[in-house]
Amino acid sequence: FDAENTLQTVSTTDLCAAQKVVIFAVPGAFTPTCSLKHLPGFIAAADELRAKGVDVVACVAVNDAFVMNAWGKTVEGNTKGQVMMLADGSCLFTQAMGAELDLNEKGLGVRSRRYAMIVDNGEVTHLSMEEGGELNISGAEQI
């Protein structure tokens, strides 16, 4: 969604071209670790990351755009859009990343593994992919 709250389509190719982007993925919007630790960590670190040359900080999850938009508005500190909220509703980006996390046994369907990456001018220069839904190496502190 843009500033006028209009749904937008974002191409990762376009997003990552000619700039440095931090993309981090979470298993799901409104879930405890994602809402209490992972996303807030990147919101808090956004200014510091920008000072280090990062142009965009983006969060992606296998949720629809409406859920991601609502979630981004509810997390304390993200009122200025420090983190761009990206929906991967059909799991296509997550599958292309090889980051699928099968949570069908828990009734959650297929989600994304938690990870963080730095993409510089379209090239992945750093990738920290968690096992399962853990949060040990993909937080803002590790980027």
# chains A, B, ... in the order shown; residues from 1 in each chain; ligands from 1
call {"tool": "select_by_dssp", "arguments": {"residues": "stretch 94-137 of chain A", "states": "helix (DSSP H, G or I)", "output": "list in words"}}
result
Thr94, Gln95, Ala96, Met97, Asn104, Glu105 and Lys106 of chain A
call {"tool": "write_last_selection", "arguments": {"atoms": "N, CA and C atoms", "output": "PDB file, in the first residue's frame"}}
result
ATOM      1  N   THR A  94       8.679 -16.782  -1.658  1.00  0.00           N
ATOM      2  CA  THR A  94       9.209 -17.706  -0.655  1.00  0.00           C
ATOM      3  C   THR A  94       9.687 -18.999  -1.303  1.00  0.00           C
ATOM      4  N   GLN A  95       8.911 -19.530  -2.239  1.00  0.00           N
ATOM      5  CA  GLN A  95       9.323 -20.747  -2.950  1.00  0.00           C
ATOM      6  C   GLN A  95      10.574 -20.488  -3.774  1.00  0.00           C
ATOM      7  N   ALA A  96      10.647 -19.340  -4.438  1.00  0.00           N
ATOM      8  CA  ALA A  96      11.828 -19.003  -5.248  1.00  0.00           C
ATOM      9  C   ALA A  96      13.072 -18.894  -4.362  1.00  0.00           C
ATOM     10  N   MET A  97      12.876 -18.471  -3.118  1.00  0.00           N
ATOM     11  CA  MET A  97      13.986 -18.379  -2.167  1.00  0.00           C
ATOM     12  C   MET A  97      14.355 -19.738  -1.581  1.00  0.00           C
ATOM     13  N   ASN A 104       1.698 -27.182   8.202  1.00  0.00           N
ATOM     14  CA  ASN A 104       0.372 -27.779   8.055  1.00  0.00           C
ATOM     15  C   ASN A 104      -0.056 -28.546   9.294  1.00  0.00           C
ATOM     16  N   GLU A 105       0.878 -29.247   9.942  1.00  0.00           N
ATOM     17  CA  GLU A 105       0.532 -30.018  11.141  1.00  0.00           C
ATOM     18  C   GLU A 105       0.033 -29.131  12.271  1.00  0.00           C
ATOM     19  N   LYS A 106       0.414 -27.847  12.239  1.00  0.00           N
ATOM     20  CA  LYS A 106      -0.027 -26.902  13.269  1.00  0.00           C
ATOM     21  C   LYS A 106      -1.226 -26.079  12.793  1.00  0.00           C
TER      22      LYS A 106
END
call {"tool": "select_by_dssp", "arguments": {"residues": "stretch 84-140 of chain A", "states": "strand (DSSP E)", "output": "PyMOL selection string"}}
result
chain A and resi 84-87+100-102+110-112+115-120+123-129
call {"tool": "residues_around", "arguments": {"residues": "A:Asp88", "least_positions_apart": "2", "cutoff": "10 Å", "atoms": "only C-alpha atoms", "output": "number ranges by chain"}}
result
A: 25, 60-65, 68, 86, 90-95, 111-112
call {"tool": "write_last_selection", "arguments": {"atoms": "N, CA, C and O atoms", "output": "PDB file, in the first residue's frame"}}
result
ATOM      1  N   ALA A  25      12.271 -11.972   6.370  1.00  0.00           N
ATOM      2  CA  ALA A  25      11.024 -12.725   6.262  1.00  0.00           C
ATOM      3  C   ALA A  25      10.643 -13.284   7.619  1.00  0.00           C
ATOM      4  O   ALA A  25      11.497 -13.638   8.426  1.00  0.00           O
ATOM      5  N   VAL A  60       8.772  -9.382   4.594  1.00  0.00           N
ATOM      6  CA  VAL A  60       7.913 -10.203   3.737  1.00  0.00           C
ATOM      7  C   VAL A  60       7.379 -11.384   4.539  1.00  0.00           C
ATOM      8  O   VAL A  60       8.072 -11.932   5.389  1.00  0.00           O
ATOM      9  N   ALA A  61       6.125 -11.724   4.263  1.00  0.00           N
ATOM     10  CA  ALA A  61       5.499 -12.888   4.899  1.00  0.00           C
ATOM     11  C   ALA A  61       4.483 -13.483   3.938  1.00  0.00           C
ATOM     12  O   ALA A  61       3.963 -12.795   3.055  1.00  0.00           O
ATOM     13  N   VAL A  62       4.207 -14.768   4.119  1.00  0.00           N
ATOM     14  CA  VAL A  62       3.188 -15.441   3.320  1.00  0.00           C
ATOM     15  C   VAL A  62       1.833 -15.110   3.938  1.00  0.00           C
ATOM     16  O   VAL A  62       1.236 -15.898   4.661  1.00  0.00           O
ATOM     17  N   ASN A  63       1.417 -13.888   3.695  1.00  0.00           N
ATOM     18  CA  ASN A  63       0.115 -13.375   4.097  1.00  0.00           C
ATOM     19  C   ASN A  63      -0.358 -12.477   2.964  1.00  0.00           C
ATOM     20  O   ASN A  63       0.444 -12.053   2.135  1.00  0.00           O
ATOM     21  N   ASP A  64      -1.644 -12.142   2.941  1.00  0.00           N
ATOM     22  CA  ASP A  64      -2.122 -11.252   1.882  1.00  0.00           C
ATOM     23  C   ASP A  64      -1.771  -9.799   2.211  1.00  0.00           C
ATOM     24  O   ASP A  64      -1.387  -9.466   3.331  1.00  0.00           O
ATOM     25  N   ALA A  65      -1.903  -8.941   1.210  1.00  0.00           N
ATOM     26  CA  ALA A  65      -1.502  -7.541   1.346  1.00  0.00           C
ATOM     27  C   ALA A  65      -2.305  -6.808   2.407  1.00  0.00           C
ATOM     28  O   ALA A  65      -1.769  -5.934   3.105  1.00  0.00           O
ATOM     29  N   MET A  68      -0.828  -7.753   5.820  1.00  0.00           N
ATOM     30  CA  MET A  68       0.479  -7.114   6.011  1.00  0.00           C
ATOM     31  C   MET A  68       0.318  -5.618   6.269  1.00  0.00           C
ATOM     32  O   MET A  68       1.028  -5.051   7.118  1.00  0.00           O
ATOM     33  N   LEU A  86       5.682  -6.237   2.824  1.00  0.00           N
ATOM     34  CA  LEU A  86       5.464  -6.906   1.543  1.00  0.00           C
ATOM     35  C   LEU A  86       4.731  -8.229   1.744  1.00  0.00           C
ATOM     36  O   LEU A  86       5.121  -9.044   2.579  1.00  0.00           O
ATOM     37  N   SER A  90       0.754 -15.765  -2.346  1.00  0.00           N
ATOM     38  CA  SER A  90       0.744 -17.050  -3.050  1.00  0.00           C
ATOM     39  C   SER A  90       2.014 -17.855  -2.821  1.00  0.00           C
ATOM     40  O   SER A  90       2.214 -18.900  -3.437  1.00  0.00           O
ATOM     41  N   CYS A  91       2.886 -17.349  -1.969  1.00  0.00           N
ATOM     42  CA  CYS A  91       4.116 -18.048  -1.572  1.00  0.00           C
ATOM     43  C   CYS A  91       5.127 -18.172  -2.723  1.00  0.00           C
ATOM     44  O   CYS A  91       6.054 -18.961  -2.639  1.00  0.00           O
ATOM     45  N   LEU A  92       4.979 -17.374  -3.757  1.00  0.00           N
ATOM     46  CA  LEU A  92       5.862 -17.502  -4.921  1.00  0.00           C
ATOM     47  C   LEU A  92       7.283 -17.033  -4.628  1.00  0.00           C
ATOM     48  O   LEU A  92       8.256 -17.688  -5.016  1.00  0.00           O
ATOM     49  N   PHE A  93       7.424 -15.890  -3.969  1.00  0.00           N
ATOM     50  CA  PHE A  93       8.748 -15.389  -3.628  1.00  0.00           C
ATOM     51  C   PHE A  93       9.428 -16.337  -2.648  1.00  0.00           C
ATOM     52  O   PHE A  93      10.599 -16.677  -2.798  1.00  0.00           O
ATOM     53  N   THR A  94       8.679 -16.782  -1.658  1.00  0.00           N
ATOM     54  CA  THR A  94       9.209 -17.706  -0.655  1.00  0.00           C
ATOM     55  C   THR A  94       9.687 -18.999  -1.303  1.00  0.00           C
ATOM     56  O   THR A  94      10.767 -19.509  -0.979  1.00  0.00           O
ATOM     57  N   GLN A  95       8.911 -19.530  -2.239  1.00  0.00           N
ATOM     58  CA  GLN A  95       9.323 -20.747  -2.950  1.00  0.00           C
ATOM     59  C   GLN A  95      10.574 -20.488  -3.774  1.00  0.00           C
ATOM     60  O   GLN A  95      11.489 -21.318  -3.796  1.00  0.00           O
ATOM     61  N   ARG A 111       4.346 -21.603   5.203  1.00  0.00           N
ATOM     62  CA  ARG A 111       4.804 -20.249   5.531  1.00  0.00           C
ATOM     63  C   ARG A 111       6.236 -20.083   5.058  1.00  0.00           C
ATOM     64  O   ARG A 111       6.789 -20.940   4.388  1.00  0.00           O
ATOM     65  N   SER A 112       6.854 -18.986   5.448  1.00  0.00           N
ATOM     66  CA  SER A 112       8.254 -18.740   5.136  1.00  0.00           C
ATOM     67  C   SER A 112       9.105 -19.025   6.357  1.00  0.00           C
ATOM     68  O   SER A 112       8.709 -18.725   7.481  1.00  0.00           O
TER      69      SER A 112
END
call {"tool": "atom_distance", "arguments": {"atom1": "atom CA of A:Glu141", "atom2": "atom CA of A:Gly41"}}
result
7.7 Å
call {"tool": "closest_residue", "arguments": {"among": "A:Met84, A:Ile43, A:Val26, A:Ala70", "to": "A:Leu101", "atoms": "only C-alpha atoms"}}
result
A:Val26
call {"tool": "closest_residue", "arguments": {"among": "A:Met85, A:Leu49, A:Val124, A:Val22", "to": "A:Lys73", "atoms": "only C-alpha atoms"}}
result
A:Met85
